[in-house]
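Listing of structure.cif; format and content: mmCIF, C-alpha atoms and all ligand atoms.
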data_data
#
loop_
_atom_site.label_atom_id
_atom_site.label_comp_id
_atom_site.auth_asym_id
_atom_site.auth_seq_id
_atom_site.Cartn_x
_atom_site.Cartn_y
_atom_site.Cartn_z
CA MET A 1 5.24 7.99 -25.52
CA ILE A 2 5.72 4.78 -23.56
CA GLY A 3 6.66 2.24 -26.23
CA ALA A 4 8.72 2.69 -29.37
CA GLY A 5 7.18 0.11 -31.66
CA ALA A 6 5.50 1.12 -34.91
CA TRP A 7 2.59 2.95 -33.30
CA GLY A 8 4.48 4.66 -30.48
CA THR A 9 6.98 5.98 -33.02
CA ALA A 10 4.27 7.10 -35.45
CA LEU A 11 2.39 8.86 -32.65
CA ALA A 12 5.61 10.56 -31.55
CA GLN A 13 5.94 11.85 -35.11
CA VAL A 14 2.37 13.23 -34.98
CA ALA A 15 2.91 14.84 -31.57
CA ALA A 16 6.19 16.35 -32.81
CA TYR A 17 4.44 18.07 -35.73
CA GLY A 18 5.73 21.65 -35.95
CA ASP A 19 8.91 20.68 -34.05
CA ARG A 20 7.13 20.35 -30.71
CA PRO A 21 9.19 18.43 -28.12
CA VAL A 22 8.29 14.77 -27.55
CA ARG A 23 10.01 12.15 -25.42
CA ILE A 24 9.68 8.46 -26.22
CA TRP A 25 10.62 5.52 -23.99
CA ALA A 26 12.01 2.46 -25.77
CA ARG A 27 12.46 -0.82 -23.93
CA ASP A 28 15.46 -1.59 -26.14
CA PRO A 29 18.33 0.91 -25.68
CA ALA A 30 19.45 0.22 -29.28
CA VAL A 31 16.10 1.55 -30.55
CA ALA A 32 16.50 4.68 -28.41
CA GLU A 33 20.04 5.12 -29.71
CA ALA A 34 18.87 4.82 -33.34
CA ILE A 35 16.11 7.40 -32.82
CA ASN A 36 18.52 9.87 -31.17
CA THR A 37 21.41 9.48 -33.60
CA THR A 38 19.76 8.75 -36.96
CA HIS A 39 16.22 10.12 -36.37
CA ALA A 40 14.78 6.82 -37.54
CA ASN A 41 13.40 3.59 -36.09
CA PRO A 42 14.41 1.07 -38.77
CA LEU A 43 13.39 -1.93 -36.66
CA TYR A 44 9.75 -0.96 -36.15
CA LEU A 45 8.99 1.90 -38.56
CA PRO A 46 11.36 1.65 -41.53
CA ASN A 47 11.72 4.30 -44.25
CA ILE A 48 10.32 7.14 -42.14
CA ALA A 49 12.47 10.18 -41.30
CA LEU A 50 11.56 11.21 -37.76
CA SER A 51 11.41 14.75 -36.42
CA PRO A 52 14.62 15.79 -34.63
CA SER A 53 12.41 17.12 -31.82
CA ILE A 54 11.76 13.50 -30.74
CA GLU A 55 14.10 12.47 -27.94
CA ALA A 56 14.33 8.78 -27.02
CA VAL A 57 15.19 7.35 -23.60
CA SER A 58 15.33 3.83 -22.20
CA ASP A 59 15.29 4.69 -18.48
CA PRO A 60 11.73 4.85 -17.10
CA ALA A 61 12.84 7.54 -14.61
CA ALA A 62 13.35 9.89 -17.57
CA MET A 63 9.55 9.84 -18.13
CA ALA A 64 8.88 11.82 -14.93
CA GLU A 65 7.07 15.17 -15.12
CA MET A 66 5.65 14.81 -18.62
CA ASP A 67 2.47 16.75 -19.49
CA ALA A 68 0.85 13.44 -20.45
CA LEU A 69 1.99 9.85 -21.02
CA LEU A 70 0.73 7.99 -24.08
CA VAL A 71 0.82 4.24 -23.41
CA VAL A 72 1.68 2.35 -26.61
CA THR A 73 3.12 -1.04 -25.62
CA PRO A 74 1.44 -4.33 -26.54
CA ALA A 75 -1.70 -4.62 -24.38
CA GLN A 76 -0.41 -7.65 -22.45
CA ALA A 77 2.67 -5.64 -21.35
CA VAL A 78 0.85 -2.47 -20.22
CA GLY A 79 0.59 -3.49 -16.53
CA ALA A 80 4.23 -4.56 -16.20
CA VAL A 81 5.61 -1.55 -18.07
CA LEU A 82 3.39 1.04 -16.37
CA ALA A 83 4.38 -0.32 -12.96
CA THR A 84 7.96 0.85 -13.68
CA MET A 85 6.91 4.36 -14.75
CA PRO A 86 6.83 7.55 -12.64
CA VAL A 87 3.15 8.27 -13.33
CA GLY A 88 1.68 9.83 -10.17
CA HIS A 89 -1.02 12.30 -11.29
CA THR A 90 0.11 12.50 -14.93
CA PRO A 91 -2.73 11.90 -17.45
CA LEU A 92 -2.45 8.50 -19.15
CA VAL A 93 -3.61 8.22 -22.76
CA LEU A 94 -4.08 4.55 -23.60
CA CYS A 95 -3.31 3.68 -27.22
CA SER A 96 -2.85 -0.11 -26.87
CA LYS A 97 -5.72 -2.29 -28.08
CA GLY A 98 -6.54 -5.40 -26.09
CA ILE A 99 -7.84 -7.11 -22.95
CA GLU A 100 -5.45 -8.40 -20.29
CA ALA A 101 -5.19 -12.20 -20.17
CA GLY A 102 -5.95 -13.71 -16.78
CA THR A 103 -7.56 -10.63 -15.22
CA ARG A 104 -9.95 -10.00 -18.20
CA ARG A 105 -9.46 -6.26 -17.68
CA LEU A 106 -9.46 -3.58 -20.35
CA VAL A 107 -6.19 -1.66 -20.55
CA GLY A 108 -7.84 1.35 -18.88
CA GLU A 109 -8.85 -0.81 -15.92
CA VAL A 110 -5.26 -2.02 -15.60
CA ALA A 111 -3.98 1.57 -15.59
CA ARG A 112 -6.61 2.74 -13.07
CA SER A 113 -5.75 -0.03 -10.65
CA LEU A 114 -2.06 0.95 -10.71
CA PHE A 115 -2.50 4.74 -10.68
CA PRO A 116 -5.91 5.73 -9.26
CA GLU A 117 -4.82 9.40 -9.19
CA ALA A 118 -4.00 9.56 -12.91
CA PRO A 119 -6.75 10.78 -15.26
CA ILE A 120 -7.39 8.27 -18.05
CA ALA A 121 -7.96 8.85 -21.77
CA VAL A 122 -8.09 6.53 -24.79
CA LEU A 123 -6.88 7.29 -28.30
CA SER A 124 -8.06 4.77 -30.90
CA GLY A 125 -9.18 4.60 -34.52
CA PRO A 126 -8.21 3.58 -38.06
CA THR A 127 -4.48 4.22 -37.92
CA PHE A 128 -1.97 2.06 -39.73
CA ALA A 129 1.25 3.40 -38.20
CA HIS A 130 3.13 3.70 -41.45
CA GLU A 131 0.42 5.78 -43.12
CA VAL A 132 0.12 8.12 -40.13
CA ALA A 133 3.90 8.56 -39.90
CA ALA A 134 4.04 9.33 -43.62
CA GLY A 135 1.58 12.18 -43.09
CA LEU A 136 -1.44 10.56 -44.75
CA PRO A 137 -4.77 11.77 -43.30
CA THR A 138 -6.93 9.98 -40.76
CA ALA A 139 -9.31 10.66 -37.87
CA VAL A 140 -9.41 9.05 -34.42
CA THR A 141 -11.51 8.88 -31.28
CA LEU A 142 -10.11 10.70 -28.23
CA ALA A 143 -12.07 9.54 -25.17
CA CYS A 144 -11.78 11.11 -21.73
CA GLU A 145 -14.35 11.74 -19.01
CA GLU A 146 -12.87 15.08 -17.94
CA PRO A 147 -13.93 17.85 -20.38
CA ASP A 148 -10.96 20.19 -19.87
CA LEU A 149 -8.41 17.43 -20.23
CA ARG A 150 -10.26 16.01 -23.24
CA LYS A 151 -10.04 19.40 -24.92
CA ALA A 152 -6.38 19.90 -24.04
CA LEU A 153 -5.33 16.43 -25.22
CA SER A 154 -7.28 16.79 -28.46
CA ALA A 155 -5.64 20.15 -29.16
CA ARG A 156 -2.17 18.82 -28.36
CA ILE A 157 -2.37 15.65 -30.51
CA ALA A 158 -4.21 17.20 -33.48
CA ALA A 159 -2.20 17.87 -36.64
CA PRO A 160 -3.33 18.87 -40.15
CA HIS A 161 -3.44 15.18 -41.16
CA PHE A 162 -4.56 13.78 -37.78
CA ARG A 163 -8.03 14.75 -36.58
CA PRO A 164 -9.28 13.62 -33.17
CA TYR A 165 -13.02 13.45 -32.41
CA ALA A 166 -13.84 13.79 -28.71
CA THR A 167 -16.10 11.64 -26.54
CA ASP A 168 -16.46 10.86 -22.84
CA ASP A 169 -17.08 7.15 -23.58
CA VAL A 170 -13.74 5.63 -22.55
CA THR A 171 -15.09 2.08 -22.29
CA GLY A 172 -16.74 2.14 -25.71
CA ALA A 173 -13.55 3.44 -27.33
CA GLU A 174 -11.46 0.72 -25.72
CA ILE A 175 -13.80 -2.13 -26.56
CA GLY A 176 -14.00 -1.28 -30.27
CA GLY A 177 -10.21 -1.28 -30.60
CA ALA A 178 -9.79 -4.55 -28.71
CA ILE A 179 -12.48 -6.54 -30.54
CA LYS A 180 -11.71 -5.38 -34.09
CA ASN A 181 -8.36 -7.19 -33.89
CA VAL A 182 -10.09 -10.53 -33.24
CA LEU A 183 -12.54 -9.94 -36.10
CA ALA A 184 -9.67 -8.95 -38.42
CA ILE A 185 -8.15 -12.39 -37.88
CA GLY A 186 -11.48 -13.89 -38.93
CA CYS A 187 -11.59 -11.76 -42.09
CA GLY A 188 -8.03 -12.79 -42.88
CA VAL A 189 -9.10 -16.43 -42.60
CA VAL A 190 -11.90 -15.75 -45.09
CA GLU A 191 -9.31 -14.29 -47.48
CA GLY A 192 -6.72 -17.04 -46.93
CA ALA A 193 -9.27 -19.82 -47.39
CA GLY A 194 -10.68 -18.17 -50.53
CA LEU A 195 -14.21 -17.86 -49.15
CA GLY A 196 -15.01 -14.71 -51.14
CA GLN A 197 -15.84 -11.03 -50.68
CA ASN A 198 -19.46 -11.73 -49.69
CA ALA A 199 -18.31 -13.82 -46.74
CA ARG A 200 -15.91 -11.09 -45.63
CA ALA A 201 -18.64 -8.42 -45.70
CA ALA A 202 -21.03 -10.72 -43.83
CA LEU A 203 -18.38 -11.40 -41.20
CA ILE A 204 -17.70 -7.67 -40.74
CA ALA A 205 -21.42 -6.98 -40.24
CA ARG A 206 -22.06 -9.89 -37.87
CA GLY A 207 -18.77 -9.16 -36.09
CA PHE A 208 -19.87 -5.57 -35.60
CA ALA A 209 -23.13 -6.88 -34.08
CA GLU A 210 -21.00 -8.87 -31.59
CA MET A 211 -18.81 -5.85 -30.83
CA THR A 212 -21.94 -3.78 -30.18
CA ARG A 213 -23.55 -6.41 -27.91
CA PHE A 214 -20.39 -6.78 -25.83
CA GLY A 215 -19.70 -3.04 -25.76
CA LEU A 216 -23.22 -2.21 -24.56
CA ALA A 217 -23.07 -4.95 -21.92
CA ARG A 218 -19.84 -3.43 -20.55
CA GLY A 219 -21.28 0.10 -20.44
CA GLY A 220 -20.05 1.51 -23.76
CA ARG A 221 -22.35 3.52 -26.06
CA ALA A 222 -23.63 2.46 -29.49
CA GLU A 223 -22.51 5.72 -31.13
CA THR A 224 -18.92 5.11 -30.02
CA LEU A 225 -18.95 1.52 -31.26
CA ALA A 226 -20.22 2.79 -34.63
CA GLY A 227 -17.53 5.49 -34.66
CA LEU A 228 -13.85 5.70 -35.55
CA SER A 229 -12.55 3.48 -32.74
CA GLY A 230 -15.12 0.76 -33.47
CA LEU A 231 -16.60 0.39 -36.94
CA GLY A 232 -13.98 2.69 -38.51
CA ASP A 233 -11.06 0.60 -37.30
CA LEU A 234 -12.95 -2.65 -37.95
CA VAL A 235 -13.42 -1.80 -41.63
CA LEU A 236 -9.74 -0.81 -41.97
CA THR A 237 -8.30 -3.85 -40.26
CA CYS A 238 -10.64 -6.33 -41.95
CA SER A 239 -9.69 -5.12 -45.43
CA SER A 240 -5.93 -5.13 -45.78
CA THR A 241 -2.87 -7.31 -45.45
CA ALA A 242 -1.20 -4.21 -43.99
CA SER A 243 -2.97 -5.36 -40.80
CA ARG A 244 -0.90 -7.80 -38.73
CA ASN A 245 -4.12 -9.37 -37.44
CA PHE A 246 -5.63 -9.77 -40.91
CA SER A 247 -2.40 -11.29 -42.26
CA LEU A 248 -2.24 -13.72 -39.32
CA GLY A 249 -5.74 -14.80 -40.32
CA VAL A 250 -4.69 -15.21 -43.97
CA GLY A 251 -2.02 -17.67 -42.82
CA LEU A 252 -4.54 -19.57 -40.68
CA GLY A 253 -6.93 -19.69 -43.63
CA GLN A 254 -4.16 -21.20 -45.73
CA GLY A 255 -3.85 -24.00 -43.20
CA ARG A 256 -0.77 -22.86 -41.26
CA SER A 257 -0.77 -23.06 -37.44
CA ALA A 258 -1.02 -20.04 -35.14
CA ALA A 259 2.15 -21.15 -33.30
CA GLU A 260 4.13 -21.21 -36.54
CA LEU A 261 2.73 -17.87 -37.73
CA LEU A 262 3.31 -16.10 -34.40
CA ALA A 263 6.84 -17.47 -34.03
CA ASP A 264 7.82 -15.63 -37.23
CA ARG A 265 6.87 -12.21 -35.88
CA ARG A 266 8.70 -9.43 -34.08
CA THR A 267 5.59 -7.24 -34.18
CA VAL A 268 2.42 -7.79 -32.22
CA ALA A 269 -0.85 -9.29 -33.55
CA GLU A 270 -3.04 -8.31 -30.58
CA GLY A 271 -6.08 -10.31 -31.66
CA ALA A 272 -4.30 -13.60 -30.99
CA PHE A 273 -4.00 -12.64 -27.30
CA THR A 274 -7.36 -10.90 -27.03
CA ALA A 275 -9.42 -13.72 -28.58
CA PRO A 276 -9.20 -16.26 -25.72
CA VAL A 277 -9.71 -13.68 -22.96
CA LEU A 278 -12.57 -12.11 -24.92
CA ARG A 279 -14.26 -15.52 -25.06
CA GLN A 280 -14.04 -15.66 -21.24
CA ALA A 281 -15.16 -12.04 -20.80
CA ALA A 282 -18.12 -12.60 -23.15
CA GLY A 283 -19.10 -15.61 -21.01
CA ASP A 284 -18.87 -13.45 -17.86
CA ALA A 285 -21.12 -10.83 -19.46
CA GLY A 286 -23.56 -13.40 -20.86
CA VAL A 287 -22.97 -12.12 -24.41
CA ASP A 288 -23.14 -14.45 -27.41
CA MET A 289 -20.10 -13.91 -29.68
CA PRO A 290 -20.03 -16.81 -32.16
CA VAL A 291 -17.67 -15.18 -34.67
CA CYS A 292 -15.10 -14.37 -31.97
CA ALA A 293 -15.49 -17.90 -30.57
CA ALA A 294 -14.84 -19.27 -34.07
CA VAL A 295 -11.61 -17.23 -34.25
CA CYS A 296 -10.55 -18.80 -30.94
CA ARG A 297 -11.14 -22.29 -32.36
CA LEU A 298 -9.08 -21.43 -35.44
CA LEU A 299 -6.22 -20.12 -33.29
CA ASP A 300 -6.43 -23.38 -31.32
CA GLY A 301 -5.88 -25.33 -34.55
CA ALA A 302 -9.40 -26.34 -35.61
CA ASP A 303 -9.99 -27.02 -39.31
CA VAL A 304 -11.19 -23.95 -41.24
CA ARG A 305 -13.97 -25.76 -43.12
CA ASP A 306 -15.26 -27.34 -39.89
CA VAL A 307 -15.32 -23.98 -38.11
CA ILE A 308 -17.01 -22.10 -40.95
CA GLY A 309 -19.49 -24.96 -41.44
CA ALA A 310 -20.42 -24.92 -37.75
CA LEU A 311 -20.83 -21.12 -37.77
CA LEU A 312 -23.22 -21.27 -40.73
CA ALA A 313 -25.17 -24.26 -39.36
CA ARG A 314 -26.27 -22.53 -36.14
CA PRO A 315 -30.04 -22.12 -35.69
CA LEU A 316 -31.48 -19.31 -37.83
CA LYS A 317 -32.29 -16.12 -35.92
CA ALA A 318 -33.56 -12.54 -36.30
CA GLU A 319 -30.96 -10.02 -37.44
CA GLY A 320 -31.41 -7.69 -34.47
CA ALA A 321 -31.51 -10.47 -31.85
N1 LIG A 401 1.00 -0.54 -35.56
C1 LIG A 401 -0.13 0.10 -35.73
O1 LIG A 401 -0.47 0.46 -36.87
C2 LIG A 401 -1.02 0.40 -34.54
C3 LIG A 401 -1.98 1.39 -34.68
C4 LIG A 401 -2.81 1.66 -33.61
C5 LIG A 401 -2.68 0.97 -32.43
N2 LIG A 401 -1.73 0.01 -32.32
C6 LIG A 401 -1.64 -0.66 -31.03
O2 LIG A 401 -0.49 -0.18 -30.34
C7 LIG A 401 0.06 -1.19 -29.52
C8 LIG A 401 1.53 -1.33 -29.85
O3 LIG A 401 1.60 -1.76 -31.19
P1 LIG A 401 2.85 -1.47 -32.13
O4 LIG A 401 2.38 -1.64 -33.52
O5 LIG A 401 3.52 -0.21 -31.77
O6 LIG A 401 3.77 -2.70 -31.74
P2 LIG A 401 5.06 -3.24 -32.47
O7 LIG A 401 4.82 -4.67 -32.71
O8 LIG A 401 5.48 -2.39 -33.61
O9 LIG A 401 6.17 -3.06 -31.37
C9 LIG A 401 6.00 -3.57 -30.10
C10 LIG A 401 6.78 -2.67 -29.15
O10 LIG A 401 6.52 -3.11 -27.82
C11 LIG A 401 7.74 -3.51 -27.22
N3 LIG A 401 7.44 -4.68 -26.41
C12 LIG A 401 7.16 -5.93 -26.83
N4 LIG A 401 6.94 -6.73 -25.77
C13 LIG A 401 7.09 -5.95 -24.67
C14 LIG A 401 7.02 -6.20 -23.30
N5 LIG A 401 6.73 -7.39 -22.82
N6 LIG A 401 7.25 -5.17 -22.46
C15 LIG A 401 7.53 -3.95 -22.94
N7 LIG A 401 7.62 -3.66 -24.23
C16 LIG A 401 7.40 -4.65 -25.09
C17 LIG A 401 8.69 -3.81 -28.35
O11 LIG A 401 10.02 -3.62 -27.90
C18 LIG A 401 8.27 -2.75 -29.34
O12 LIG A 401 8.83 -1.50 -29.02
C19 LIG A 401 -0.77 -2.46 -29.79
O13 LIG A 401 -1.73 -2.59 -28.79
C20 LIG A 401 -1.44 -2.17 -31.13
O14 LIG A 401 -2.70 -2.83 -31.25
C21 LIG A 401 -0.89 -0.28 -33.33
O1 LIG A 402 -1.80 -4.15 -37.87
P1 LIG A 402 -2.93 -4.30 -36.88
O2 LIG A 402 -3.89 -5.38 -37.25
O3 LIG A 402 -2.41 -4.41 -35.48
O4 LIG A 402 -3.78 -2.94 -36.91
C1 LIG A 402 -3.14 -1.74 -36.64
C2 LIG A 402 -4.10 -0.69 -36.14
O5 LIG A 402 -4.77 -1.15 -34.98
C3 LIG A 402 -5.06 -0.21 -37.17
O6 LIG A 402 -5.83 0.84 -36.66
#
Transcribe the structure of this file into structure tokens.
Ligand SMILES: NC(=O)c1ccc[n+]([C@@H]2O[C@H](COP(=O)([O-])OP(=O)(O)OC[C@H]3O[C@@H](n4cnc5c(N)ncnc54)[C@H](O)[C@@H]3O)[C@@H](O)[C@H]2O)c1
Ligand SMILES: O=P(O)(O)OC[C@H](O)CO
Amino acid sequence: MIGAGAWGTALAQVAAYGDRPVRIWARDPAVAEAINTTHANPLYLPNIALSPSIEAVSDPAAMAEMDALLVVTPAQAVGAVLATMPVGHTPLVLCSKGIEAGTRRLVGEVARSLFPEAPIAVLSGPTFAHEVAAGLPTAVTLACEEPDLRKALSARIAAPHFRPYATDDVTGAEIGGAIKNVLAIGCGVVEGAGLGQNARAALIARGFAEMTRFGLARGGRAETLAGLSGLGDLVLTCSSTASRNFSLGVGLGQGRSAAELLADRRTVAEGAFTAPVLRQAAGDAGVDMPVCAAVCRLLDGADVRDVIGALLARPLKAEGA
């Protein structure tokens, strides 16, 4: 695992199921030390006893000659962190959810540009780290274009409580995971502003329509967007304050500023970084994404009632248009 935040640590725990050896790279040597000496990561994944077969390191050189590298840093850090890693031909499994600011590239495109020889896979789906680490069941999408590698990665990451479903649609899997974070902020706003359950369901459905339009325009497939990495994760993240993105939205809906809410956090709320670059990428692709654009306005400090009012006042249209 490259990254020892909540998700990297939870995934290490899954991969270590049955005492299989796993190595995890932590940027912070104190986190690596805690994992090695106490078999816990109290900073990012408290109250979880980790498998002793997880070994933590903080030197990138120690990640040489792994069978595969799972990339689990915040999306905006993937390029900088991967550039320090001894990747070569090692398969890269991208688990970060976002689009790179500035370049407007999906995380897989960032990885490919750095390591053209490394096969790429994506692991994404409804996976609150704490639930997964506690052994509660879920299912995920495992996307990879190479059939043998797809099969091998699925077999290696599967555990009795963690069920991967395979696809070759890498782009579709990435786009679902990136966009659901933006929509989760919007659903949090609905909750924080007390706009009701109907509004939240409507936003999920119209948000999913936006995710599908953008995903298809970028070459993803509808079945992937309607699968675990798209709709599955969208429903999860739009429904619970356990989501960092949803809870950021709750704060915005209560009238607090994004700057204030983000300053309080050690952990990442990816949607705040994805929203502005998604607005640009949607413009590039000629895709209308009014809900995501509304989330951008809210992050920029616009008044909630003004933004919701403007969204509802747009010209009426056909549902499938
Ligand atoms: N937490 C979850 O439930 C979950 C589940 C699925 C996917 N994800 C995705 O996994 C990725 C990582 O999320 P997380 O929850 O593990 O994050 P986190 O907030 O728990 O921890 C972030 C980790 O990244 C490190 N980090 C922060 N900035 C960095 C930088 N500039 N360079 C290198 N390392 C840096 C931190 O030291 C920490 O180890 C995100 O893209 C997130 O969307 C998270
Ligand atoms: O806490 P969030 O909003 O980053 O969501 C975590 C995962 O992406 C859920 O699958």
Calculated over only C-alpha atoms and all ligand atoms, which of the candidates A:Ala6, A:Ala313, A:Ala294, A:Ile179 has the smallest distance to ligand LIG 401 (chain A)? A:Ala6
Six-sided padding of 3 Å per side, axis-aligned box over ligand LIG 402 (chain A), centre and edges in Å, one decimal, as lines of an AutoDock Vina configuration file:
center_x = -3.8
center_y = -2.3
center_z = -36.4
size_x = 10.0
size_y = 12.2
size_z = 8.9
Got a sec to check which residues lie within 6 Å of ligand LIG 402 (chain A), using all atoms listed in the file, and send them as a VMD selection string? chain A and resid 125 to 128 181 233 237 243 to 246 269
Which residues of chain A come within 7 Å of ligand LIG 401 (chain A), and what is each one's closest atom pair and distance in Å (one decimal), counting all atoms listed in the file, sorted by chain and residue number, as JSON lines?
{"residue": "A:Gly3", "atom": "CA", "partner": "A:LIG401", "partner_atom": "O12", "distance": 5.1}
{"residue": "A:Ala4", "atom": "CA", "partner": "A:LIG401", "partner_atom": "O12", "distance": 4.2}
{"residue": "A:Gly5", "atom": "CA", "partner": "A:LIG401", "partner_atom": "O9", "distance": 3.3}
{"residue": "A:Ala6", "atom": "CA", "partner": "A:LIG401", "partner_atom": "O8", "distance": 3.7}
{"residue": "A:Trp7", "atom": "CA", "partner": "A:LIG401", "partner_atom": "O5", "distance": 3.6}
{"residue": "A:Gly8", "atom": "CA", "partner": "A:LIG401", "partner_atom": "O5", "distance": 5.1}
{"residue": "A:Ala26", "atom": "CA", "partner": "A:LIG401", "partner_atom": "O12", "distance": 6.0}
{"residue": "A:Arg27", "atom": "CA", "partner": "A:LIG401", "partner_atom": "O11", "distance": 5.4}
{"residue": "A:Asp28", "atom": "CA", "partner": "A:LIG401", "partner_atom": "O11", "distance": 6.1}
{"residue": "A:Tyr44", "atom": "CA", "partner": "A:LIG401", "partner_atom": "O8", "distance": 5.2}
{"residue": "A:Val72", "atom": "CA", "partner": "A:LIG401", "partner_atom": "C7", "distance": 4.9}
{"residue": "A:Thr73", "atom": "CA", "partner": "A:LIG401", "partner_atom": "C8", "distance": 4.5}
{"residue": "A:Pro74", "atom": "CA", "partner": "A:LIG401", "partner_atom": "O13", "distance": 4.3}
{"residue": "A:Ala75", "atom": "CA", "partner": "A:LIG401", "partner_atom": "O13", "distance": 4.9}
{"residue": "A:Ala77", "atom": "CA", "partner": "A:LIG401", "partner_atom": "N5", "distance": 4.7}
{"residue": "A:Ala80", "atom": "CA", "partner": "A:LIG401", "partner_atom": "N6", "distance": 7.0}
{"residue": "A:Val81", "atom": "CA", "partner": "A:LIG401", "partner_atom": "C15", "distance": 5.8}
{"residue": "A:Cys95", "atom": "CA", "partner": "A:LIG401", "partner_atom": "O2", "distance": 5.7}
{"residue": "A:Ser96", "atom": "CA", "partner": "A:LIG401", "partner_atom": "O13", "distance": 3.3}
{"residue": "A:Lys97", "atom": "CA", "partner": "A:LIG401", "partner_atom": "O13", "distance": 4.1}
{"residue": "A:Gly98", "atom": "CA", "partner": "A:LIG401", "partner_atom": "O13", "distance": 6.2}
{"residue": "A:Ser124", "atom": "CA", "partner": "A:LIG401", "partner_atom": "C4", "distance": 6.7}
{"residue": "A:Thr127", "atom": "CA", "partner": "A:LIG401", "partner_atom": "C3", "distance": 5.0}
{"residue": "A:Phe128", "atom": "CA", "partner": "A:LIG401", "partner_atom": "O1", "distance": 3.6}
{"residue": "A:Ala129", "atom": "CA", "partner": "A:LIG401", "partner_atom": "O1", "distance": 3.7}
{"residue": "A:His130", "atom": "CA", "partner": "A:LIG401", "partner_atom": "O1", "distance": 6.7}
{"residue": "A:Arg266", "atom": "CA", "partner": "A:LIG401", "partner_atom": "O7", "distance": 6.3}
{"residue": "A:Thr267", "atom": "CA", "partner": "A:LIG401", "partner_atom": "O7", "distance": 3.1}
{"residue": "A:Val268", "atom": "CA", "partner": "A:LIG401", "partner_atom": "O7", "distance": 4.0}
{"residue": "A:Glu270", "atom": "CA", "partner": "A:LIG401", "partner_atom": "O14", "distance": 5.5}
Go ahead and write the residues just picked, C-alpha atoms, as a PDB file, keeping the file's coordinate frame.
ATOM      1  CA  GLY A   3       6.660   2.240 -26.230  1.00  0.00           C
ATOM      2  CA  ALA A   4       8.720   2.690 -29.370  1.00  0.00           C
ATOM      3  CA  GLY A   5       7.180   0.110 -31.660  1.00  0.00           C
ATOM      4  CA  ALA A   6       5.500   1.120 -34.910  1.00  0.00           C
ATOM      5  CA  TRP A   7       2.590   2.950 -33.300  1.00  0.00           C
ATOM      6  CA  GLY A   8       4.480   4.660 -30.480  1.00  0.00           C
ATOM      7  CA  ALA A  26      12.010   2.460 -25.770  1.00  0.00           C
ATOM      8  CA  ARG A  27      12.460  -0.820 -23.930  1.00  0.00           C
ATOM      9  CA  ASP A  28      15.460  -1.590 -26.140  1.00  0.00           C
ATOM     10  CA  TYR A  44       9.750  -0.960 -36.150  1.00  0.00           C
ATOM     11  CA  VAL A  72       1.680   2.350 -26.610  1.00  0.00           C
ATOM     12  CA  THR A  73       3.120  -1.040 -25.620  1.00  0.00           C
ATOM     13  CA  PRO A  74       1.440  -4.330 -26.540  1.00  0.00           C
ATOM     14  CA  ALA A  75      -1.700  -4.620 -24.380  1.00  0.00           C
ATOM     15  CA  ALA A  77       2.670  -5.640 -21.350  1.00  0.00           C
ATOM     16  CA  ALA A  80       4.230  -4.560 -16.200  1.00  0.00           C
ATOM     17  CA  VAL A  81       5.610  -1.550 -18.070  1.00  0.00           C
ATOM     18  CA  CYS A  95      -3.310   3.680 -27.220  1.00  0.00           C
ATOM     19  CA  SER A  96      -2.850  -0.110 -26.870  1.00  0.00           C
ATOM     20  CA  LYS A  97      -5.720  -2.290 -28.080  1.00  0.00           C
ATOM     21  CA  GLY A  98      -6.540  -5.400 -26.090  1.00  0.00           C
ATOM     22  CA  SER A 124      -8.060   4.770 -30.900  1.00  0.00           C
ATOM     23  CA  THR A 127      -4.480   4.220 -37.920  1.00  0.00           C
ATOM     24  CA  PHE A 128      -1.970   2.060 -39.730  1.00  0.00           C
ATOM     25  CA  ALA A 129       1.250   3.400 -38.200  1.00  0.00           C
ATOM     26  CA  HIS A 130       3.130   3.700 -41.450  1.00  0.00           C
ATOM     27  CA  ARG A 266       8.700  -9.430 -34.080  1.00  0.00           C
ATOM     28  CA  THR A 267       5.590  -7.240 -34.180  1.00  0.00           C
ATOM     29  CA  VAL A 268       2.420  -7.790 -32.220  1.00  0.00           C
ATOM     30  CA  GLU A 270      -3.040  -8.310 -30.580  1.00  0.00           C
TER      31      GLU A 270
END
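When atom CA of A:Ala121 is paired with atom CA of A:Ala133, their separation reads 21.7 Å.
Proximity of A:Ile35, A:Ala178, A:Leu316, A:Ala205 to A:Ala275, computed with only C-alpha atoms, is greatest for A:Ala178.
Distances here use only C-alpha atoms; by that measure, the residue among A:Gly88, A:Pro147, A:Gly283, A:Gly271 closest to A:Asp169 is A:Pro147.
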